[in-house]
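Here is the structure we will look at.
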There are 2 protein chains.
Amino acid sequence: MDNKKSNHEIDVNKRDFFRKTAALSVTALAGTSLLSSNARADDPAIMHHVPWGQKWGDPVTKNRYGIPSAYEHNVTRRNTKLLASGNYRASIAVTPIHESMGIITPNGLFFSRSHGGVAHVDPNQYRLMIHGLVEKPIVLTLEQLKKYPSVTRTHFIECPANGGQEWRGPQFNSVQFAKGFMSSAEWTGVYIKTILEDLGLKPDARWMLAEGSDNSEMGRTVPVEKVLDDAMIVWGQNGEALRPEQGYPVRLLLPGWEGNLCVKWLKRLEFASEPWYCKEETSKYTALKPSGKAIQHFYANEVNSTVTSPSPEIPWTNLKEGDIVEIEGLAWSGMGTITGVDISFDGGNSYVPASLKGLVLPKSWTRWSYMYTIPKDFQINGKQIILASRAMDDAGYIQPTVDEETAIMGVESVYHRNGIETWEVTATGEVNHVQLRS
Amino acid sequence: MDNKKSNHEIDVNKRDFFRKTAALSVTALAGTSLLSSNARADDPAIMHHVPWGQKWGDPVTKNRYGIPSAYEHNVTRRNTKLLASGNYRASIAVTPIHESMGIITPNGLFFSRSHGGVAHVDPNQYRLMIHGLVEKPIVLTLEQLKKYPSVTRTHFIECPANGGQEWRGPQFNSVQFAKGFMSSAEWTGVYIKTILEDLGLKPDARWMLAEGSDNSEMGRTVPVEKVLDDAMIVWGQNGEALRPEQGYPVRLLLPGWEGNLCVKWLKRLEFASEPWYCKEETSKYTALKPSGKAIQHFYANEVNSTVTSPSPEIPWTNLKEGDIVEIEGLAWSGMGTITGVDISFDGGNSYVPASLKGLVLPKSWTRWSYMYTIPKDFQINGKQIILASRAMDDAGYIQPTVDEETAIMGVESVYHRNGIETWEVTATGEVNHVQLRS
């Protein structure tokens, strides 16, 4: 295996060529194939003795609302005292992104952050007030709100603190904890601009306050330009009502912008000529710079990516030299659409392009992959593999290195960290979250 | 309201024009607007007395795997003895499509049909055998199967009996029961053609047997052309493992083809030169014609559509003359991509085009809508509104009328019914499933 690097490309090209020429008859590839890592199981007889084939199963109506297999009990949101305040009520539960597939996070695994716990709102008592600098202020019931023409859009929501515990270096040897403060869903609701066609926005309206009805009365101010662009009031998530921890029955959705701006249990939108400077946009959710000054009005989650497999949770310990494996990851940008992802095996010194797979949508998770042939001892030119990914978006941005980012932002901000993460593969295929600093 | 019909278009055009010209300032529209049906709620004070704003909410970690709000307890799959055999074990539970949003059905609401109950498969004991006319027969563990490069695709699955209880006329005054034998999801798995690149398909292989590991050993035969086109072995549904009632850990997915062909709890694929003619493709899942002969090898679910709102479940009883309402529905085709949907208010005598909304993907649910102004007493020219929708696909097909379909198929087949359904709106806004016959 002297030509390991070029082998990657040869393998991929072979497969692409094969797909293009596949017709009714398919002939096994000579030489290296995926089968090399798919050895025949030693005992086909196991198939004839499985207990579930020998008795009637459960009635289909046992669960009118279905639940996962009991064997999947380990695929859950998780929390640790290292996250946010450590207070279990006010804290965060993060998504197992290493187990994610496609660009939909099931609602049961969607990450959750609250500032006063999860409110349980009675939809019959729910009201949404829209007032301030509008011609016709209004209080809407849920039924009235849902009469507006709806739209459905697939977008991620990301806490701006995603990865933000790690400005001084990795704290979590886990991709779920390091990068799982985000999830993605298909949202259904109404564009706020559609409602404003009815209510009439006054010319001096420049800011919108969004306020939650939970006990924290979470409040954030949004520039009216964003409101009139793609801001939505959403009641549907992945084809059903929002879950309580996502703001049931109604939350604000500002595609691509900080998750905390997407106020949950939404009760009030007020338009004004000045921003509010609420507690959660002054004492929190500002980015502290080395100068001691903080960046306010920092909204969009910038272009970012991560490797999800392999990861500390999904190591390569069962792979050996010559095995072909799919490296997978996610990329996302709150500024637009992902245009490409590069992958590095040497910690960011050199990169090769990965493939985007599946749907590529604006302000949405974009899945990427790279077919890779495992080298001897997981080493390239005598050095350990150190995986890194960097994404680009159609707004023209590319992920910075951690050094580049730290030079500007220092290490005191917990928000908007999108520097390139690195993941070391050991000689036995374990994967560790590491940080390379110059 | 003499010009009700043209009003629809004027309203829509106004709104489109408005959207194009919307800048920083938004002025209320004069005259008719959506607000006409959104009267101001009488007591804004309700917002200050809601109990959930006055105490700490639940910890975010209360549900590591989240569940819907208790207020949504009525949004479930349902079953009735009128469906299929009436045996609660062997029967079907259908999706509340009137509550659906977008093109994703949450896994908890995905319709389920089984032939021997829901099997609970241990993923560690799971094996998939692929043999017959292949160069290298194999038995794969789940881990080995998942090593193949994965793809993610959004497709509906539909039971060919969807609507098939109603060849003699409506049996269910319910869109859930009349049309809910289908759901849609984002599936993750591997193309079978990718596996066959490794195994090598012999030239005389023309058919593939798929067999389930449930106690019914559900078996169906698939032409190899479909296998090499887009057939998948899937383990992921909407970003997580399949649910048990969808075949956990692995099912076959034949995009656009009959749901029963998408064999669940998949244990064996065998390639051969002749079809198998299994029980479930001879005694069942064939379409009996008036001649007494049955159509075999009937696979693709043909172009179809339904109105979902209004519906018997979501009537217009709270609307009055002049209110603007969004009519919504679904369209789908197992032969390709939906190219258009028309809506009729007079039971199919005349049609106007509806709008496709959101993503339009091949062999996927496609959502459509039409903004409508409610006429006096829900009547047009002195006649009750009778809603109907008809869809077209890029394979060149258009939904037939029930008369056209019945003339060819008679009324004895329970499968592949895609005639245009009709829904009557009463003078008080109730909606009833009716069938107009010439």
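Residue names in the structure tokens use chain letters A, B, ... in the order shown, residue numbers from 1 in each chain, and ligand numbers from 1 in the order shown.
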As a ChimeraX atom specification, which residues of stretch 177-253 of chain A does DSSP assign to alpha helix (DSSP H)?
-> /A:177-179,192-199,224-229
Using only C-alpha atoms, find each residue of chain B with at least one atom at most 6 Å away from an atom of chain A; report its shortest atom-to-atom pair and that distance in Å (one decimal), sort the rows by chain and rising residue number, and return the result as a tab-separated table.
residue	atom	partner	partner_atom	distance
B:Ser25	CA	A:Pro203	CA	5.0
B:Val26	CA	A:Leu201	CA	4.6
B:Thr27	CA	A:Gly200	CA	4.1
B:Ala28	CA	A:Gly200	CA	3.8
B:Leu35	CA	A:Asp198	CA	5.8
B:Asn38	CA	A:Gln144	CA	5.4
B:Arg40	CA	A:Ile138	CA	5.5
B:Ala41	CA	A:Val139	CA	5.4
B:Trp52	CA	A:Ala119	CA	5.6
B:Gly53	CA	A:Asn215	CA	4.1
B:Gln54	CA	A:Asn215	CA	5.4
B:Lys55	CA	A:Asn215	CA	5.9
B:Trp56	CA	A:Gly116	CA	5.6
B:Gly57	CA	A:Gly117	CA	3.8
B:Asp58	CA	A:Val118	CA	4.7
B:Pro59	CA	A:Arg89	CA	4.3
B:Arg64	CA	A:Arg77	CA	4.9
B:Tyr65	CA	A:Gly108	CA	4.7
B:Gly66	CA	A:Gly108	CA	3.9
B:Pro68	CA	A:Arg243	CA	5.1
B:Ser69	CA	A:Pro244	CA	5.7
B:Thr76	CA	A:Arg64	CA	5.3
B:Arg77	CA	A:Arg64	CA	4.9
B:Arg89	CA	A:Pro59	CA	4.3
B:Ser100	CA	A:Gly239	CA	5.3
B:Met101	CA	A:Gly239	CA	4.4
B:Gly102	CA	A:Thr152	CA	5.6
B:Ile104	CA	A:Gly239	CA	5.2
B:Thr105	CA	A:Gly239	CA	5.2
B:Pro106	CA	A:Gly239	CA	5.9
B:Gly108	CA	A:Gly66	CA	3.9
B:Leu109	CA	A:Tyr65	CA	5.8
B:Gly116	CA	A:Trp56	CA	5.6
B:Gly117	CA	A:Gly57	CA	3.8
B:Val118	CA	A:Gly57	CA	4.4
B:Ala119	CA	A:Gly57	CA	4.8
B:Ile138	CA	A:Arg40	CA	5.6
B:Val139	CA	A:Ala41	CA	5.5
B:Gln144	CA	A:Asn38	CA	5.4
B:Pro149	CA	A:Glu326	CA	5.8
B:Thr152	CA	A:Gly102	CA	5.6
B:Glu197	CA	A:Ala28	CA	5.3
B:Asp198	CA	A:Ala28	CA	5.1
B:Leu199	CA	A:Ala28	CA	5.5
B:Gly200	CA	A:Ala28	CA	3.9
B:Leu201	CA	A:Val26	CA	4.7
B:Pro203	CA	A:Ser25	CA	5.2
B:Ser213	CA	A:Gly53	CA	5.5
B:Asp214	CA	A:Gly53	CA	4.6
B:Asn215	CA	A:Gly53	CA	4.1
B:Asn238	CA	A:Ile104	CA	5.5
B:Gly239	CA	A:Met101	CA	4.4
B:Arg243	CA	A:Pro68	CA	5.1
B:Pro244	CA	A:Ser69	CA	5.7
B:Glu326	CA	A:Pro149	CA	5.8
B:Gly358	CA	A:Thr152	CA	5.7
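Across the model, the gap from atom CA of B:Val414 to atom CA of B:Gly219 is 19.6 Å.
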Sel. of strand (DSSP E) residues, stretch 130-375 of chain B, as JSON, numbers by chain = {"B": [130, 131, 132, 138, 139, 140, 141, 151, 152, 153, 154, 155, 156, 157, 158, 182, 183, 184, 185, 186, 187, 188, 189, 190, 191, 207, 208, 209, 210, 211, 212, 219, 220, 221, 222, 223, 232, 233, 234, 235, 236, 237, 240, 241, 251, 252, 253, 266, 267, 268, 269, 270, 271, 272, 287, 288, 294, 295, 304, 305, 306, 307, 308, 309, 324, 325, 326, 327, 328, 329, 330, 331, 332, 338, 339, 340, 341, 342, 343, 344, 352, 353, 355, 356, 357, 366, 367, 368, 369, 370, 371, 372, 373]}
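Going from atom CA of A:Leu436 over to atom CA of A:Gly334, you cover 26.1 Å.
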